[in-house]
Each structure stands twice: as structure tokens, then as C-alpha cells.
$ cat upload.cif   # mmCIF, C-alpha atoms and all ligand atoms
data_upload
#
loop_
_atom_site.label_atom_id
_atom_site.label_comp_id
_atom_site.auth_asym_id
_atom_site.auth_seq_id
_atom_site.Cartn_x
_atom_site.Cartn_y
_atom_site.Cartn_z
CA MET A 1300 76.90 140.93 43.29
CA GLY A 1301 79.76 138.52 42.85
CA SER A 1302 81.44 136.81 39.94
CA ILE A 1303 79.43 135.93 36.84
CA TYR A 1304 80.41 132.32 37.61
CA GLU A 1305 77.93 132.41 40.49
CA LEU A 1306 75.20 132.12 37.87
CA THR A 1307 73.45 129.17 36.28
CA ARG A 1308 72.70 129.25 32.58
CA ASP A 1309 69.13 130.43 33.22
CA GLU A 1310 70.36 133.19 35.48
CA VAL A 1311 72.79 134.36 32.82
CA GLY A 1312 69.83 134.45 30.41
CA GLU A 1313 67.92 136.67 32.83
CA ARG A 1314 70.78 139.18 32.76
CA LEU A 1315 70.39 139.55 29.02
CA VAL A 1316 66.65 140.10 28.88
CA GLY A 1317 65.85 142.30 25.90
CA GLU A 1318 68.86 141.03 23.94
CA PRO A 1319 68.41 138.50 21.14
CA ARG A 1320 68.43 134.90 22.27
CA TYR A 1321 71.72 134.08 20.55
CA ARG A 1322 73.50 136.61 22.77
CA VAL A 1323 72.97 134.26 25.70
CA ASP A 1324 74.59 131.43 23.74
CA GLN A 1325 77.50 133.64 22.77
CA LEU A 1326 78.10 134.71 26.34
CA TRP A 1327 77.70 131.21 27.70
CA ARG A 1328 80.07 129.70 25.16
CA GLY A 1329 82.59 132.47 25.76
CA LEU A 1330 82.53 131.97 29.53
CA TRP A 1331 82.64 128.18 29.63
CA ALA A 1332 83.64 126.43 26.39
CA GLU A 1333 86.18 129.14 25.55
CA ALA A 1334 87.08 129.93 29.18
CA ARG A 1335 87.26 133.63 28.41
CA ARG A 1336 87.27 136.47 30.84
CA LEU A 1337 83.99 138.34 30.68
CA ASP A 1338 85.77 141.38 29.27
CA ASP A 1339 87.15 139.17 26.51
CA VAL A 1340 83.87 137.72 25.23
CA THR A 1341 84.21 139.86 22.14
CA THR A 1342 81.24 138.30 20.37
CA LEU A 1343 79.10 140.51 22.65
CA PRO A 1344 78.59 144.18 21.76
CA ALA A 1345 80.95 146.42 23.71
CA ALA A 1346 78.14 148.19 25.56
CA VAL A 1347 76.61 144.93 26.80
CA ARG A 1348 80.02 143.68 27.86
CA ALA A 1349 80.82 146.88 29.70
CA ARG A 1350 77.54 146.68 31.61
CA LEU A 1351 78.14 143.06 32.62
CA VAL A 1352 81.75 143.68 33.63
CA LYS A 1353 80.54 146.44 35.95
CA GLN A 1354 77.82 144.23 37.37
CA PHE A 1355 80.01 141.17 37.79
CA PRO A 1356 83.54 142.06 38.86
CA GLU A 1357 86.12 139.27 38.69
CA ALA A 1358 86.58 137.48 41.99
CA LEU A 1359 90.35 137.00 41.78
CA ARG A 1360 93.27 139.41 41.62
CA VAL A 1361 96.75 137.95 41.13
CA VAL A 1362 99.05 138.84 44.03
CA SER A 1363 101.97 136.67 43.01
CA GLU A 1364 102.96 133.90 40.68
CA VAL A 1365 105.83 131.45 40.98
CA ALA A 1366 106.90 128.59 38.78
CA SER A 1367 109.01 125.50 39.38
CA ASP A 1368 109.83 122.16 37.80
CA HIS A 1369 110.95 124.07 34.68
CA GLY A 1370 107.64 125.85 34.42
CA SER A 1371 105.49 122.72 34.52
CA THR A 1372 104.21 123.73 37.98
CA ARG A 1373 102.84 127.22 38.52
CA LYS A 1374 101.33 128.62 41.62
CA TRP A 1375 99.30 131.79 42.16
CA VAL A 1376 98.30 133.66 45.24
CA PHE A 1377 95.03 135.50 44.63
CA ALA A 1378 93.42 138.25 46.64
CA LEU A 1379 89.63 138.09 46.83
CA GLY A 1380 87.30 141.09 46.86
CA ASP A 1381 87.63 141.53 50.63
CA GLY A 1382 91.42 141.06 50.65
CA ALA A 1383 91.43 137.44 51.87
CA THR A 1384 94.10 135.42 50.05
CA ILE A 1385 93.96 131.95 48.56
CA GLU A 1386 96.20 129.91 46.33
CA THR A 1387 95.89 127.79 43.23
CA VAL A 1388 98.44 125.45 41.65
CA LEU A 1389 98.60 124.26 38.03
CA MET A 1390 100.54 121.10 37.26
CA HIS A 1391 101.40 119.76 33.80
CA TYR A 1392 102.01 116.02 33.63
CA ARG A 1393 102.75 113.86 30.62
CA ASP A 1394 99.16 112.67 30.31
CA ARG A 1395 97.10 115.32 32.08
CA VAL A 1396 96.90 118.89 33.30
CA THR A 1397 95.66 119.31 36.84
CA VAL A 1398 94.63 122.37 38.81
CA CYS A 1399 94.63 122.27 42.59
CA VAL A 1400 92.03 124.68 43.98
CA SER A 1401 91.26 126.19 47.37
CA SER A 1402 87.78 125.71 48.83
CA GLN A 1403 88.13 128.06 51.81
CA ALA A 1404 90.34 131.01 52.71
CA GLY A 1405 92.33 129.32 55.46
CA CYS A 1406 91.03 126.27 57.31
CA ALA A 1407 89.49 125.68 60.73
CA MET A 1408 90.65 122.07 61.10
CA GLY A 1409 94.00 122.91 62.67
CA CYS A 1410 96.03 119.94 61.42
CA THR A 1411 99.39 120.39 63.09
CA PHE A 1412 101.60 119.64 60.06
CA CYS A 1413 99.69 121.90 57.64
CA ALA A 1414 100.58 125.53 56.93
CA THR A 1415 96.94 126.39 56.23
CA GLY A 1416 95.86 124.75 59.47
CA GLN A 1417 98.52 126.66 61.38
CA ALA A 1418 97.26 129.97 59.96
CA GLY A 1419 93.59 129.37 60.83
CA PHE A 1420 90.28 130.10 59.14
CA ALA A 1421 89.33 133.32 57.34
CA ARG A 1422 86.10 132.50 55.49
CA GLN A 1423 84.24 130.22 53.12
CA LEU A 1424 84.73 130.69 49.39
CA ALA A 1425 81.76 131.31 47.14
CA VAL A 1426 80.97 129.19 44.07
CA GLY A 1427 82.35 131.81 41.67
CA GLU A 1428 85.59 132.12 43.64
CA VAL A 1429 86.31 128.43 43.24
CA ILE A 1430 85.23 128.24 39.60
CA GLU A 1431 87.31 131.28 38.66
CA GLN A 1432 90.41 129.46 39.96
CA VAL A 1433 89.69 126.64 37.53
CA LEU A 1434 89.10 128.95 34.58
CA PHE A 1435 92.16 131.04 35.36
CA ALA A 1436 94.21 127.85 35.30
CA ALA A 1437 92.52 126.68 32.09
CA ARG A 1438 93.61 129.91 30.39
CA ALA A 1439 97.12 129.58 31.76
CA ALA A 1440 97.34 125.98 30.51
CA ALA A 1441 96.16 126.78 26.98
CA PRO A 1442 96.66 125.52 24.33
CA THR A 1443 96.89 122.34 26.42
CA ARG A 1444 93.49 121.39 27.75
CA LEU A 1445 92.94 121.38 31.48
CA SER A 1446 91.78 117.86 32.33
CA ASN A 1447 91.70 117.42 36.11
CA VAL A 1448 90.64 119.39 39.16
CA VAL A 1449 91.68 118.44 42.70
CA PHE A 1450 90.36 120.13 45.85
CA MET A 1451 93.71 120.01 47.63
CA GLY A 1452 94.53 123.68 48.05
CA MET A 1453 93.58 125.65 51.13
CA GLY A 1454 90.59 124.58 53.15
CA GLU A 1455 88.41 121.56 53.82
CA PRO A 1456 86.01 121.17 50.88
CA LEU A 1457 83.48 119.16 52.88
CA ALA A 1458 83.28 121.96 55.46
CA ASN A 1459 82.07 124.14 52.57
CA TYR A 1460 79.78 121.40 51.40
CA ALA A 1461 77.08 123.08 49.30
CA VAL A 1462 79.61 125.20 47.42
CA THR A 1463 81.84 122.20 46.73
CA VAL A 1464 78.98 120.11 45.35
CA THR A 1465 77.68 122.97 43.19
CA VAL A 1466 81.16 123.58 41.79
CA LEU A 1467 81.62 119.87 41.02
CA ARG A 1468 78.33 119.73 39.14
CA ARG A 1469 79.11 122.83 37.12
CA LEU A 1470 82.62 121.72 36.22
CA ASN A 1471 81.08 118.53 34.95
CA GLU A 1472 78.03 119.96 33.18
CA TYR A 1473 79.17 123.41 32.09
CA LEU A 1474 82.91 122.95 31.58
CA GLY A 1475 82.63 119.37 30.35
CA LEU A 1476 85.22 117.89 32.69
CA SER A 1477 84.74 114.20 33.31
CA ALA A 1478 83.52 113.54 36.86
CA ARG A 1479 86.22 110.87 37.20
CA HIS A 1480 88.77 113.64 36.77
CA LEU A 1481 87.42 115.64 39.70
CA THR A 1482 88.92 114.78 43.08
CA VAL A 1483 87.77 115.98 46.47
CA SER A 1484 90.32 115.61 49.23
CA SER A 1485 88.90 115.52 52.75
CA VAL A 1486 90.43 115.37 56.18
CA GLY A 1487 87.61 112.97 57.09
CA VAL A 1488 84.33 114.70 57.90
CA ALA A 1489 82.47 111.39 58.20
CA PRO A 1490 78.82 112.53 57.87
CA ALA A 1491 79.69 114.76 54.91
CA ILE A 1492 81.40 111.83 53.15
CA GLU A 1493 78.20 109.81 53.58
CA ARG A 1494 76.14 112.67 52.22
CA LEU A 1495 78.49 113.11 49.26
CA ALA A 1496 78.12 109.40 48.49
CA ARG A 1497 74.41 110.06 47.88
CA GLU A 1498 74.85 112.97 45.46
CA GLY A 1499 75.18 110.73 42.42
CA LEU A 1500 78.54 112.23 41.48
CA ALA A 1501 81.04 109.81 39.94
CA ILE A 1502 83.99 111.76 41.32
CA THR A 1503 87.11 110.55 43.11
CA LEU A 1504 87.38 110.88 46.87
CA ALA A 1505 90.73 111.15 48.61
CA VAL A 1506 90.81 110.93 52.39
CA SER A 1507 93.79 112.36 54.24
CA LEU A 1508 94.54 109.52 56.63
CA HIS A 1509 98.18 110.03 57.71
CA ALA A 1510 97.82 107.65 60.66
CA ALA A 1511 95.79 104.50 61.26
CA ASN A 1512 95.81 104.54 65.04
CA ASP A 1513 93.69 107.03 66.93
CA ASP A 1514 96.40 108.36 69.25
CA THR A 1515 98.72 109.42 66.44
CA ARG A 1516 95.93 110.58 64.16
CA SER A 1517 94.33 112.75 66.85
CA GLU A 1518 97.68 114.41 67.43
CA LEU A 1519 98.06 115.23 63.75
CA ILE A 1520 94.41 115.89 62.95
CA PRO A 1521 92.24 117.29 65.78
CA LEU A 1522 89.06 116.32 63.88
CA ASN A 1523 89.94 112.68 64.55
CA ARG A 1524 88.67 113.15 68.11
CA ARG A 1525 85.25 113.90 66.70
CA TYR A 1526 85.31 111.27 63.94
CA PRO A 1527 87.78 108.61 65.02
CA LEU A 1528 89.07 105.91 62.68
CA GLU A 1529 86.25 103.50 63.28
CA ARG A 1530 83.64 106.16 62.43
CA LEU A 1531 85.64 107.36 59.44
CA GLY A 1532 86.01 103.79 58.21
CA ARG A 1533 82.23 103.38 58.21
CA ALA A 1534 81.83 106.53 56.11
CA CYS A 1535 84.49 105.29 53.69
CA ALA A 1536 82.72 101.94 53.39
CA THR A 1537 79.48 103.77 52.59
CA TRP A 1538 81.29 105.76 49.91
CA VAL A 1539 82.66 102.63 48.25
CA GLU A 1540 79.38 100.79 48.52
CA LEU A 1541 77.11 103.55 47.18
CA THR A 1542 79.36 105.00 44.48
CA GLY A 1543 81.37 102.01 43.35
CA ARG A 1544 84.17 104.55 42.99
CA ARG A 1545 87.74 104.04 43.98
CA LEU A 1546 88.74 105.55 47.30
CA SER A 1547 92.22 106.74 47.98
CA PHE A 1548 94.05 107.59 51.16
CA GLU A 1549 96.69 110.29 51.40
CA TRP A 1550 99.58 109.58 53.71
CA ALA A 1551 102.23 112.27 54.26
CA LEU A 1552 105.27 110.42 55.58
CA ILE A 1553 106.68 112.06 58.71
CA ASP A 1554 110.06 110.95 59.97
CA GLY A 1555 109.66 108.69 62.98
CA VAL A 1556 105.94 109.43 63.35
CA ASN A 1557 104.07 107.45 60.70
CA ASP A 1558 106.82 105.88 58.59
CA THR A 1559 107.56 102.92 60.84
CA GLU A 1560 107.08 99.23 60.17
CA ARG A 1561 104.26 99.27 62.71
CA ALA A 1562 102.51 102.25 61.08
CA MET A 1563 102.61 100.46 57.71
CA GLY A 1564 101.03 97.40 59.31
CA GLU A 1565 98.22 99.51 60.80
CA LEU A 1566 97.66 101.20 57.47
CA ALA A 1567 97.48 97.89 55.61
CA ASP A 1568 94.92 96.58 58.10
CA TYR A 1569 92.80 99.71 57.78
CA VAL A 1570 92.88 99.75 54.00
CA ALA A 1571 92.23 96.06 53.36
CA PRO A 1572 88.43 95.92 53.83
CA LEU A 1573 87.98 99.10 51.77
CA GLY A 1574 90.18 98.10 48.85
CA ALA A 1575 91.51 101.66 48.89
CA HIS A 1576 94.55 102.99 47.09
CA VAL A 1577 97.30 104.66 49.10
CA ASN A 1578 99.24 107.73 47.98
CA LEU A 1579 102.47 108.26 49.87
CA ILE A 1580 104.11 111.67 49.86
CA PRO A 1581 106.96 112.89 52.03
CA LEU A 1582 105.81 115.65 54.39
CA ASN A 1583 106.67 119.15 53.22
CA PRO A 1584 108.29 121.12 56.01
CA THR A 1585 106.21 123.97 57.48
CA PRO A 1586 107.40 126.65 59.88
CA GLY A 1587 105.03 125.62 62.65
CA TYR A 1588 105.80 121.91 62.82
CA LEU A 1589 109.33 120.96 63.65
CA VAL A 1590 109.67 117.47 62.24
CA ARG A 1591 110.87 116.35 58.85
CA GLY A 1592 109.44 114.42 56.01
CA SER A 1593 110.79 110.90 55.63
CA THR A 1594 113.95 110.44 53.59
CA PRO A 1595 113.59 109.21 50.00
CA ALA A 1596 115.06 105.86 51.07
CA ARG A 1597 112.51 105.52 53.85
CA VAL A 1598 109.70 106.45 51.45
CA ARG A 1599 110.76 103.58 49.18
CA GLU A 1600 110.93 101.20 52.13
CA CYS A 1601 107.41 102.15 53.18
CA ARG A 1602 106.16 101.64 49.64
CA ASP A 1603 107.79 98.22 49.46
CA ALA A 1604 106.48 97.21 52.88
CA LEU A 1605 102.94 98.14 51.84
CA ARG A 1606 103.27 96.21 48.58
CA ARG A 1607 104.35 93.14 50.49
CA LEU A 1608 101.23 93.59 52.63
CA GLY A 1609 99.08 93.62 49.50
CA VAL A 1610 98.31 97.36 49.45
CA ASN A 1611 97.89 99.27 46.19
CA VAL A 1612 100.33 102.12 46.64
CA THR A 1613 101.78 105.03 44.66
CA VAL A 1614 104.48 107.45 45.68
CA ARG A 1615 103.28 110.88 44.68
CA ASP A 1616 105.88 113.23 43.32
CA THR A 1617 106.54 116.34 45.31
CA ARG A 1618 105.50 118.80 42.66
CA GLY A 1619 106.28 122.36 43.45
CA ARG A 1620 108.36 121.55 46.47
CA SER A 1621 110.76 124.39 45.74
CA ILE A 1622 107.85 126.84 45.63
CA ALA A 1623 106.23 125.40 48.73
CA ALA A 1624 103.20 124.21 46.84
CA ALA A 1625 101.83 122.14 49.68
CA CYS A 1626 98.74 123.47 51.28
CA GLY A 1627 98.97 127.11 52.22
CA GLN A 1628 102.69 127.49 52.27
CA LEU A 1629 103.06 130.17 49.64
CA ALA A 1630 100.36 132.36 51.17
CA ASN A 1631 102.34 132.22 54.38
CA VAL A 1632 105.47 133.33 52.60
CA ALA A 1633 103.58 136.17 50.87
CA ARG A 1634 102.16 137.32 54.20
CA ALA A 1635 105.51 136.98 55.90
CA SER A 1636 107.35 139.04 53.30
CA ALA A 1637 104.76 141.79 53.73
CA THR A 1638 105.33 141.90 57.47
CA GLY A 1639 109.08 141.38 57.41
CA GLU A 1640 108.87 137.92 58.99
CA LEU A 1641 110.31 136.19 55.98
CA THR A 1642 113.87 135.77 57.19
CA ILE A 1643 112.71 134.17 60.41
CA ARG A 1644 110.49 131.75 58.57
CA ARG A 1645 113.29 130.98 56.14
CA ARG A 1646 115.63 130.26 58.95
CA SER A 1647 113.19 127.98 60.73
CA ALA A 1648 112.51 126.15 57.49
CA ARG A 1649 116.22 125.53 57.20
CA ALA A 1650 116.50 124.55 60.83
CA ILE A 1651 114.18 121.64 60.20
CA GLY A 1652 116.09 120.63 57.14
CA GLY A 1653 113.63 121.91 54.56
CA GLY A 1654 114.32 123.49 51.24
CA ALA A 1655 111.08 125.44 51.13
CA SER A 1656 112.50 128.89 51.07
CA GLY A 1657 109.82 130.27 48.74
N1 LIG B 1 91.54 119.84 53.72
C1 LIG B 1 91.67 118.80 52.76
C2 LIG B 1 92.22 119.25 51.43
C3 LIG B 1 93.34 120.27 51.46
S1 LIG B 1 94.85 119.67 52.09
C4 LIG B 1 92.48 117.65 53.34
O1 LIG B 1 93.07 117.82 54.39
O2 LIG B 1 92.50 116.59 52.73
C5 LIG B 1 95.46 118.70 50.75
C6 LIG B 1 96.45 117.63 51.16
O3 LIG B 1 97.69 118.21 51.57
C7 LIG B 1 95.97 116.77 52.32
O4 LIG B 1 96.18 115.41 52.05
C8 LIG B 1 96.85 117.26 53.44
O5 LIG B 1 96.94 116.30 54.45
C9 LIG B 1 98.14 117.52 52.71
N2 LIG B 1 99.10 118.33 53.43
C10 LIG B 1 98.89 119.36 54.25
N3 LIG B 1 100.05 119.84 54.74
C11 LIG B 1 101.04 119.09 54.20
C12 LIG B 1 102.45 119.08 54.31
N4 LIG B 1 103.08 119.96 55.08
N5 LIG B 1 103.14 118.14 53.61
C13 LIG B 1 102.50 117.25 52.82
N6 LIG B 1 101.17 117.21 52.67
C14 LIG B 1 100.44 118.11 53.36
FE1 LIG B 2 92.69 121.99 56.70
FE2 LIG B 2 93.41 119.97 55.10
FE3 LIG B 2 95.26 121.61 56.16
FE4 LIG B 2 93.95 119.89 57.73
S1 LIG B 2 95.36 119.38 56.04
S2 LIG B 2 94.34 122.05 58.20
S3 LIG B 2 91.95 119.90 56.81
S4 LIG B 2 93.68 122.18 54.72
#

$ encode --input "upload.cif" --output "C-alpha cells"
Amino acid sequence: MGSIYELTRDEVGERLVGEPRYRVDQLWRGLWAEARRLDDVTTLPAAVRARLVKQFPEALRVVSEVASDHGSTRKWVFALGDGATIETVLMHYRDRVTVCVSSQAGCAMGCTFCATGQAGFARQLAVGEVIEQVLFAARAAAPTRLSNVVFMGMGEPLANYAVTVTVLRRLNEYLGLSARHLTVSSVGVAPAIERLAREGLAITLAVSLHAANDDTRSELIPLNRRYPLERLGRACATWVELTGRRLSFEWALIDGVNDTERAMGELADYVAPLGAHVNLIPLNPTPGYLVRGSTPARVRECRDALRRLGVNVTVRDTRGRSIAAACGQLANVARASATGELTIRRRSARAIGGGASG
């Protein structure tokens, strides 16, 4: 049996058969509204709690925690029951508190610039393993209320489709997070985007575009060979049409690869019919991909070029850069320090001009 967060409300009720009805309410409120650990739902009698704790062990064990940006960004590496590791990042902004969750341990998509992609796939996460990340972060954020969840940690959420959709529904219904404040980031699994558009979820979809010509995109993102830009564009159009929700494209600026005048023109052409929003972010260096992110000056030039072309564009801040918060990087550092590889990785990070020394 896994985490208690695998269970629906009815299923939780079934675990308390023989107890008075209000016990179910107490447990449910403790777990969700109060975001308590099972062991800490002290409204329940100790014996009942002890039985449940034994039956439903917590899914996550903290392996390491790092903070940056003066404590407003915190990142955890968790070990799961079988020893697989994942990571979760909590970010405090002026107007919101966002947790970035992993949907898989590792990722099978193999994007060349991504630390998770370089490390490969371990396994799918279960519903409770994703939800526990959110509740862990909610406790860490308290007394400030967690407001947003983004699926931008390790893994491709639409390659763990059923789990992702179940988690989204429960965060909305059980935790009370507004669907608009839930964001799924996808590398572009076209049929899954179309399916998601029919789920009736008023969430935000972010598609990791990074290039708007097939040659470059296929080099960065192998999945582009299966779902090239034209196919992906059709799925994005379906999303916009069926949900009426804003679509955004992520674009990690890579020096000399996708930060050129020409690349900005291609992006503007691709975005125009979809009315999508573009988020620019300089690439974070990773050990396995020896190019740099664009310079801050180049990032501004790209932003200005897109504005002139009529594109809605934001430059995303590089939260957690000093703790390597981008996609899988801290897990790599944790693994490397365990195997003594850390110095090599540090050196290669420096060799490509990065500051991500963990
Ligand atoms: N698999 C999903 C979600 C996880 S990745 C996806 O690819 O969208 C979350 C975001 O981090 C994606 O936009 C991804 O392209 C980006 N990313 C991965 N490696 C990065 C790096 N080294 N620098 C900047 N962004 C990166
Ligand atoms: Fe997977 Fe996303 Fe990384 Fe690509 S960018 S390897 S899809 S986690």
C-alpha cells in the first residue's frame, strides 16, 4: 500500500469503517485543508493514527535541501520508497507561492540540453508521490499559502497522463487550488495535449518549444521527430479552441542556437495564429551539453525583437540558478557527490561558463 494521498475521500472513509462518521471528516480536513502529515492529525485517537501510519507510509524521504535567493527559493531532493530520487522546488514571489513538482523519476524524452533527459528514465510516479510533493511544499511555505503548482520538475507529465490528470483534479477539488493556478509543462506530446483539452480542466498549458524549425528542434528534442512542429501546432490549436485557455511557450535561449534574429522570426510566425504567450529563459548549463545560455544582453534583444514582431513575451527570472534548480540538476549533483564525480562535474560546469556548482 502506498501513501494515504493515493486515496479518494470515499476510500479514506472505507479505512475508518467502525469509527464514528466525524472521524472521517477530521482525518480528511487534517490531510487536505490543514496539509498535515498523517502522524500529525492529532484530532484522531492515537491508536487509529498509529494503525493508519503503519498502513500508509509516507512516500517521500528528504535526502537534501538547499536554499537560494535569500531563502525565497528552496529545493529538495526526495528518495521514494524504492530509492528512486526526485526533486521539488518551492518559490516565493511577491504575489504568489509556487511549487514545481516532478511527475516521473527521470525522463525518457532525452532532450539534449536537460539534465533529467541526460540521466534517463527510472519510473513513473504514483498519484500520492506527486501530491505529497505539493503538501510538503505547502507545509514549508506556511504561514504563507501555497497558491500555484507547476509540473516543471523531473519528467514529462503527459507521459504519465492518468496520474497527472488525477493529481490536477485532486489539487483543485481536495486542496482547493484554482485550476488557473495549475500549470502543466509538456515537451509536446501532441495526442496527449488533444486529450487533455477534452478533460474539462481550466488549467494552464505550457509547451516547451525552444525552436520553431524542425531541424533545430529535432536536435534539441528527439520527440520532435515523432510530433514535428506542424503536428504540434495542430494540437496547440485544439487546446486553445476547446479550452479557451491561454497557451504559453517556453523558450530556453541557447547562445548561437535559438537566439538569432532568424529564430525570433520563426518563433513569431509560429506563435501568431495561436495567440500564445512566450516565456524566455536563458539556458541553465548542464554537464552533458556544452553550450551556454544567451547573455543577459542577448536575452533583452530577443525580447525586444519579439515585441516588435507583435509577440506577447516575458523574460522569466532564473530562480534557483545558484542551486541548479532547472530540471534535474540537483539530483545529478547529489548522485555525483555520492559517487565522487562531483569535482569533475563542477569543473565541466565551469568549463562551459556556468555558475551551477551546486
Ligand atoms: N518535461 C516537461 C516538464 C519538465 S521540464 C517539459 O519538457 O516541458 C521543465 C522546463 O525546463 C521545460 O521547459 C524544459 O525545456 C526546461 N529545461 C530543461 N532543461 C533546461 C535547462 N538546462 N535550462 C533551462 N531550461 C531547461
Ligand atoms: Fe524530459 Fe522535459 Fe527534460 Fe525533455 S526537458 S528531457 S521532456 S524533463

$ residues_near_ligand --input "upload.cif" --ligand "ligand LIG 1 (chain B)" --cutoff "7 Å" --atoms "all atoms listed in the file" --output "number ranges by chain"
A: 1412-1414, 1450-1456, 1484-1486, 1506-1507, 1549-1551, 1580-1585, 1625-1626

$ closest_residue --input "upload.cif" --among "A:Val1396, A:Glu1560, A:Leu1326, A:Arg1591" --to "Leu1476 in chain A" --atoms "all atoms listed in the file"
A:Val1396

$ residues_around --input "upload.cif" --residues "Asp1514 in chain A" --least-positions-apart "3" --cutoff "12 Å" --atoms "only C-alpha atoms" --output "mmCIF file with C-alpha atoms, in the coordinates of the input"
data_model
loop_
_atom_site.group_PDB
_atom_site.id
_atom_site.type_symbol
_atom_site.label_atom_id
_atom_site.label_comp_id
_atom_site.auth_asym_id
_atom_site.auth_seq_id
_atom_site.Cartn_x
_atom_site.Cartn_y
_atom_site.Cartn_z
ATOM 1 C CA HIS A 1509 98.180 110.030 57.710
ATOM 2 C CA ALA A 1510 97.820 107.650 60.660
ATOM 3 C CA ALA A 1511 95.790 104.500 61.260
ATOM 4 C CA SER A 1517 94.330 112.750 66.850
ATOM 5 C CA GLU A 1518 97.680 114.410 67.430
ATOM 6 C CA LEU A 1519 98.060 115.230 63.750
ATOM 7 C CA ILE A 1520 94.410 115.890 62.950
ATOM 8 C CA PRO A 1521 92.240 117.290 65.780
ATOM 9 C CA ASN A 1523 89.940 112.680 64.550
ATOM 10 C CA ARG A 1524 88.670 113.150 68.110
ATOM 11 C CA PRO A 1527 87.780 108.610 65.020
ATOM 12 C CA LEU A 1528 89.070 105.910 62.680
ATOM 13 C CA VAL A 1556 105.940 109.430 63.350
ATOM 14 C CA ASN A 1557 104.070 107.450 60.700
ATOM 15 C CA ALA A 1562 102.510 102.250 61.080
#

$ residues_around --input "upload.cif" --residues "Gln1354 in chain A" --least-positions-apart "3" --cutoff "9 Å" --atoms "only C-alpha atoms" --output "PyMOL selection string"
chain A and resi 1300-1303+1349-1351

$ write_last_selection --input "upload.cif" --atoms "C-alpha atoms" --output "PDB file, in the frame of the given file"
ATOM      1  CA  MET A1300      76.900 140.930  43.290  1.00  0.00           C
ATOM      2  CA  GLY A1301      79.760 138.520  42.850  1.00  0.00           C
ATOM      3  CA  SER A1302      81.440 136.810  39.940  1.00  0.00           C
ATOM      4  CA  ILE A1303      79.430 135.930  36.840  1.00  0.00           C
ATOM      5  CA  ALA A1349      80.820 146.880  29.700  1.00  0.00           C
ATOM      6  CA  ARG A1350      77.540 146.680  31.610  1.00  0.00           C
ATOM      7  CA  LEU A1351      78.140 143.060  32.620  1.00  0.00           C
TER       8      LEU A1351
END

$ closest_residue --input "upload.cif" --among "A:Met1390, A:Leu1467, A:Cys1535, A:Ile1502" --to "Asp1616 in chain A" --atoms "only C-alpha atoms"
A:Met1390

$ residues_around --input "upload.cif" --residues "range 1433-1446 of chain A" --least-positions-apart "2" --cutoff "7 Å" --atoms "only C-alpha atoms" --output "ChimeraX atom specification"
/A:1334,1389,1395-1398,1429-1431,1476,1480

$ residues_around --input "upload.cif" --residues "His1576 in chain A" --least-positions-apart "5" --cutoff "10 Å" --atoms "only C-alpha atoms" --output "NGL selection string"
:A and (1505 or 1545-1549 or 1570-1571 or 1610-1613)

$ closest_residue --input "upload.cif" --among "A:Phe1420, A:Tyr1588, A:Tyr1304, A:Trp1538" --to "ligand LIG 2 (chain B)" --atoms "all atoms listed in the file"
A:Phe1420

$ axis_aligned_box --input "upload.cif" --around "ligand LIG 2 (chain B)" --padding-each-side "4 Å" --output "lines of an AutoDock Vina configuration file"
center_x = 93.7
center_y = 120.8
center_z = 56.5
size_x = 11.4
size_y = 10.8
size_z = 11.5
